[in-house]
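First the structure, in the form of structure tokens, and then the observations on it.
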Amino acid sequence: MKIPFKLSLCAVATGSLLLPFASVAQQQSTENSELQQVERIEVTGSRIKRNDLEGAVPIAVIDRDAISKSGFSNLQQLLERTPVAGVGTFSTRGNNQDSTANGGAAISLRGFGADATLVLINGRRVAVSAFAENIANSFVDINSIPVAAIERVEILKDGASAVYGSDAVAGVVNVILRKDFEGTEVAISHGGTTGPTYDETSASLVWGAQAKEASATLILDYFKNTTILGSEMGRFGTANQAPYGGNDLRSSRGYPGNFIVNGVTRIDPGCPGDQAFGQTCVYDYGPAIMAVTPAERVGAVLQASQNIGAHTQAYVELSVQHNRSKAQGAATPLDGDAGLTVPASHPNNPFGVDVGINRYRTVDAGPRIWDIESDSLRLVLGVKGQLNELDWDISAQKGRSESMQTGSKSQGWVRTDFLQQQINLGNYNPFGGVTNSPEVIDAITTSLVRRGESHLTAFDASISGDAFQLGDQMVSFAAGAEYRKEDAFDQPDDQFQRGLIFGTESVSAQAERDQYAAYIEFLVPVTDQLEFTLAGRYDDYSDFGSTTNPQVSMKWRPLDNFTVRASYGQGFRAPSLAQIGLGPSQESVFFTDTFRCPTPDASNPACAATDYTIVFVGGGDLEPEESETFNVGFVWQVTDQFDISADVWSITQDNKIDQNDYENVYAAECNRQNSTICVRLAPLPGQTLGELSRLFNSYINISSQEATGVDLSTAYRMDMQQYGALRLSLDYSYTHKFEKNNIDYAGEYNYPQHRWLATADWSFGEWGLVTSLNYVGAFEDYAAPNEVMTTKTRTVSAQALLDIQGRYNLNDNTTLMLGMNNALDKDPPFAIGDGDADLYGYASKVHNPRGRFVYAKVSYRF
């Protein structure tokens, strides 16, 4: 008989697969002739189908049951809790209007970045997000994958370019969709926080029909969440962290502002005393940001198959997703670069002479808001079957990701030429922090549109099965060929290109390419206890050339309950389409112009931290990144109830494409007035350096990254007889070293060395209770990259978050769940922050400020 795949998955309650379970299953299968015909399955990290899940590479599995017990309604929340997630994992949390990937979310394994983690659906690539993150880093938007459609998530914690090609540097996240479902299942959940007003609602419908010759599964999914504004966040919603032990990073572009009067910087006479610092009037933008952005998503997934004869099956996979979101930032910041002046004749001019607007913010026009809509489409058509006991598969895929950002006249988008006109007419009053009339605000604002698309067309053919006899053992193999065509473009509104919109990042990119690949893999069992896997892949890209990457792995079982595994592989990451096709693009970075402010001085306007504009141009002549991965570990089934696995891993990435460090560019170019790289305004009388206008930068093959660490997984199952059953599990990841450009960041800002997730799952009849503790270790507060090796900063404390969920099977068809995430309502630990992305007293890339979240869920199957 055949054993369904889902019955052979033995995952701990956290969702981390402990491979000893598969070891036991294999041992039992040799003892029972009825289990000899176990269905062959393909596991992430190998193209060869096998009879068990225990391979030579470490894989974690988050199965359907674990997803349900987590209480999370979207994939982003689920994956960011996994211990192997690291820096580069980003989401819509804190996604303000300055982000270049508004509304998107991605997973980064080991901290190597979202572009070094390959995301697959059913083992196949998908189109990348139309909008790149951080100007030019392409990623797969995991918000486009509905949670209700997921059967399980397989996380390969090892490089796999020899199997999958580009991007699989730090690992692979393979999302397996539900299929072969029979009946109908409806689920509804709703929850909210006990602090700031915030709630989430989700609903799903799963329908499936199975027949002898055909099957179909349809999933409909809906998710919606509200927003949390900075004004609701208390101490975590202000840029003035001085009262709490941090820095006062309120903006020097104030409301009121300051002006250039007869060549001298003068503060607005109407500046309130608590905002006045020398000649600077500061503004707190914190309350205007969105700590959590609103989102609404609706999606549908269809998987169907039809037998054609005895050995052939046609299949189709179709998924569509529509997402809506918002992003919000503080009102438009303006400085001398905008060239705005106020004539002496202006009725509100308190200075009586022509003045230049130096630092000002149009707060009366409101915060800048983006409406974001994105659509994704994925269609796979294929035929598979058997020929002389060989499995073959031929498929074609079409994928598209389409996004649009819009900002209306009522959403704070101020055009400088319109503003200057209204100032000249005496209609707009920039003095005293007054609120101008709605008619005047309408006259200075505009509407904006940003559009982006990415497309993927792919064809692949593969074959696998037994190759030949080697002694008493049978060598298995898999081989295949692939073709892929990709293109992407990101088009900002031309008002950005014409220099009429200030203070907001913009991206321009367009590129396309073709890629061919061929791969082969052999599973060579030397003895019953020892086997090797050899894999190699050749990729040819139309833009940079070709690359060949090998991988070898070993599995040795010296004892029936003990397995040693090891792997070594080479990998690569091709330059992203956004990187090779990058046009003039801008981002804003907070820092102090130390050449104009050599020593801190509150009376000197140049000493205020300011979000200066960095302009990126050109991405030509980029070469692929190269990597090596190594893993060695063991799997030990100590008893039938207790198992443990451990792995030592190492990843080295060279030739990494990165932004040239703006701090190095600043140090080399900004100490003189006439630099073409560091552009300054004309200096005021008595000054040698004018105000910094913009800094030109580029993407180059400059970086290297190397990380080593240890992963540990263990589980213990206890039969408590009349008191039910208890399963305890632990999934732990330790980063020993994370070296970037010869600086070790392990334990430094945003790089905690210790992460773990511990779970206790108790079942008793129709009742169940699961508790999990998610731990993120302590790390150093921010130090500039050139100070990490020499400067000892304060410590950002460790954090442990407790999740609790109770469940009750009301009857055979109905399950009720009630739970809490962050049940103890723990605040994120205090961090002074980096003065740029983290301004609000916590490390936003590591900790979530949302607070306690209480939810209820009901599912009914009929």
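Order determines the names: the first chain of the structure tokens is A, the second B, and so forth; residues in each chain are numbered 1 upward, and ligands are numbered 1 upward as they are shown.
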Near-Ala209 (chain A) list (9 Å; only C-alpha atoms; drop same-chain fewer than 5 positions) as a list in words
Asp180, Phe181, Glu182, Gly183, Thr184, Ala214, Ser215, Ala216 and Thr217 of chain A
Pick out the residues sitting within 9 Å of Gly171 (chain A), and hand them over as a PyMOL selection string; count only C-alpha atoms, and ignore anything fewer than 2 positions along from it in its own chain.
chain A and resi 108-110+116-119+155-160+167-169+173
Env of region 668-678 of chain A: 9 Å cut, atoms = only C-alpha atoms, seq-sep filter 3 positions within chain, self excluded. Answer as a CSV table (one decimal) with N, CA and C atoms, in the first residue's frame.
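Once everything was written out, this is around.csv:
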chain,number,residue,atom,x,y,z
A,593,ASP,N,26.2,66.2,9.1
A,593,ASP,CA,27.3,66.7,8.2
A,593,ASP,C,28.5,67.2,9.1
A,595,PHE,N,31.6,67.6,8.6
A,595,PHE,CA,32.5,68.6,8.0
A,595,PHE,C,32.1,70.0,8.3
A,596,ARG,N,30.8,70.2,8.4
A,596,ARG,CA,30.2,71.5,8.8
A,596,ARG,C,30.0,71.6,10.3
A,663,GLU,N,29.1,56.3,4.1
A,663,GLU,CA,30.0,57.0,5.0
A,663,GLU,C,31.4,57.1,4.4
A,664,ASN,N,31.8,56.1,3.7
A,664,ASN,CA,33.2,56.2,3.0
A,664,ASN,C,33.2,57.2,1.9
A,665,VAL,N,32.1,57.3,1.2
A,665,VAL,CA,32.0,58.3,0.1
A,665,VAL,C,32.0,59.6,0.7
A,681,LEU,N,25.4,73.2,-1.7
A,681,LEU,CA,24.9,74.5,-2.1
A,681,LEU,C,26.0,75.5,-1.9
A,682,ALA,N,25.8,76.7,-2.5
A,682,ALA,CA,26.8,77.7,-2.3
A,682,ALA,C,26.9,78.1,-0.8
A,683,PRO,N,28.1,78.2,-0.3
A,683,PRO,CA,28.3,78.5,1.1
A,683,PRO,C,27.7,79.9,1.4
A,688,THR,N,33.0,78.0,4.6
A,688,THR,CA,33.8,77.4,3.5
A,688,THR,C,33.1,76.3,2.8
A,689,LEU,N,32.1,75.7,3.5
A,689,LEU,CA,31.3,74.6,2.9
A,689,LEU,C,29.8,75.0,3.0
A,690,GLY,N,29.2,74.8,1.8
A,690,GLY,CA,27.7,75.0,1.8
A,690,GLY,C,27.0,73.8,2.3
A,692,LEU,N,24.9,70.5,2.5
A,692,LEU,CA,25.0,69.3,1.6
A,692,LEU,C,23.6,69.1,0.9
A,693,SER,N,23.7,69.0,-0.5
A,693,SER,CA,22.6,68.9,-1.3
A,693,SER,C,22.3,67.4,-1.6
A,694,ARG,N,23.2,66.7,-2.2
A,694,ARG,CA,23.0,65.3,-2.5
A,694,ARG,C,24.4,64.6,-2.6
A,695,LEU,N,24.4,63.3,-2.4
A,695,LEU,CA,25.6,62.5,-2.4
A,695,LEU,C,25.3,61.4,-3.4
A,696,PHE,N,26.2,61.3,-4.5
A,696,PHE,CA,26.0,60.3,-5.5
A,696,PHE,C,26.7,59.0,-5.1
A,697,ASN,N,26.1,57.9,-5.4
A,697,ASN,CA,26.6,56.6,-4.9
A,697,ASN,C,26.3,55.6,-6.0
Using DSSP on the backbone coordinates, identify the residues of region 382-572 of chain A assigned to helix (DSSP H, G or I); present them as a PyMOL selection string.
chain A and resi 416-424+438-444+494-497
Restricting it to C-alpha atoms, dump the selection as a PDB file, in the first residue's frame.
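Below you can see selection.pdb, which holds the result:
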ATOM      1  CA  THR A 416       7.780  73.121  -4.901  1.00  0.00           C
ATOM      2  CA  ASP A 417       6.884  75.200  -7.988  1.00  0.00           C
ATOM      3  CA  PHE A 418       3.225  75.338  -6.920  1.00  0.00           C
ATOM      4  CA  LEU A 419       4.309  76.296  -3.398  1.00  0.00           C
ATOM      5  CA  GLN A 420       6.559  79.069  -4.705  1.00  0.00           C
ATOM      6  CA  GLN A 421       3.692  80.480  -6.787  1.00  0.00           C
ATOM      7  CA  GLN A 422       1.408  80.650  -3.755  1.00  0.00           C
ATOM      8  CA  ILE A 423       4.141  82.258  -1.652  1.00  0.00           C
ATOM      9  CA  ASN A 424       4.760  84.882  -4.345  1.00  0.00           C
ATOM     10  CA  PRO A 438      -7.799  74.272   2.364  1.00  0.00           C
ATOM     11  CA  GLU A 439      -7.978  76.239  -0.887  1.00  0.00           C
ATOM     12  CA  VAL A 440      -4.287  77.174  -0.657  1.00  0.00           C
ATOM     13  CA  ILE A 441      -3.291  73.625   0.324  1.00  0.00           C
ATOM     14  CA  ASP A 442      -5.140  72.336  -2.716  1.00  0.00           C
ATOM     15  CA  ALA A 443      -3.193  74.777  -4.872  1.00  0.00           C
ATOM     16  CA  ILE A 444       0.248  73.568  -3.680  1.00  0.00           C
ATOM     17  CA  ASP A 494       7.973  62.239 -13.786  1.00  0.00           C
ATOM     18  CA  GLN A 495       7.496  64.948 -11.149  1.00  0.00           C
ATOM     19  CA  PHE A 496      10.232  63.152  -9.179  1.00  0.00           C
ATOM     20  CA  GLN A 497      12.497  63.173 -12.218  1.00  0.00           C
TER      21      GLN A 497
END
Would you compute the distance between CA of Ile150 (chain A) and CA of His190 (chain A)? Give it in Å to one decimal.
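CA of His190 (chain A) lies 19.3 Å from CA of Ile150 (chain A).
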Could you pull the residues within 9 Å of Ser447 (chain A), counting only C-alpha atoms, minus those fewer than 2 positions along the same chain, as a tab-separated table (two decimals) with N, CA and C atoms, in the first residue's frame?
chain	number	residue	atom	x	y	z
A	406	THR	N	-0.06	55.22	-5.57
A	406	THR	CA	-0.68	56.49	-5.94
A	406	THR	C	-0.77	57.38	-4.72
A	407	GLY	N	-0.60	58.65	-4.96
A	407	GLY	CA	-0.79	59.66	-3.92
A	407	GLY	C	-1.67	60.76	-4.48
A	408	SER	N	-2.75	61.09	-3.80
A	408	SER	CA	-3.68	62.10	-4.32
A	408	SER	C	-3.35	63.48	-3.75
A	409	LYS	N	-4.05	64.49	-4.26
A	409	LYS	CA	-3.84	65.86	-3.79
A	409	LYS	C	-4.19	66.02	-2.31
A	410	SER	N	-5.00	65.15	-1.78
A	410	SER	CA	-5.38	65.24	-0.37
A	410	SER	C	-4.45	64.44	0.53
A	411	GLN	N	-3.34	63.91	-0.05
A	411	GLN	CA	-2.46	63.03	0.73
A	411	GLN	C	-1.06	63.61	0.90
A	413	TRP	N	1.12	65.56	-0.91
A	413	TRP	CA	2.22	65.63	-1.88
A	413	TRP	C	2.35	67.05	-2.42
A	414	VAL	N	3.34	67.78	-1.92
A	414	VAL	CA	3.54	69.20	-2.24
A	414	VAL	C	4.55	69.34	-3.37
A	445	THR	N	-0.56	71.25	-3.77
A	445	THR	CA	-0.40	69.80	-3.78
A	445	THR	C	-0.65	69.23	-5.17
A	449	VAL	N	1.92	59.00	-9.32
A	449	VAL	CA	1.73	57.59	-9.66
A	449	VAL	C	3.10	56.95	-9.88
Selection: 12 Å around Asp719 (chain A), only C-alpha atoms, excl. self and same-chain fewer than 5 positions, as JSON, numbers by chain
{"A": [640, 641, 724, 725, 726, 727, 728, 761, 762, 763, 764]}
For Thr592 (chain A), which of A:Leu249, A:Ala488, A:Leu816, A:Ala478 is the closest residue, counting only C-alpha atoms?
A:Leu249
Measuring atom to atom with only C-alpha atoms, identify which of A:Phe634, A:Pro849, A:Thr563, A:Pro350 is nearest to Gly230 (chain A).
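Under the stated criterion, the closest residue is A:Pro849.
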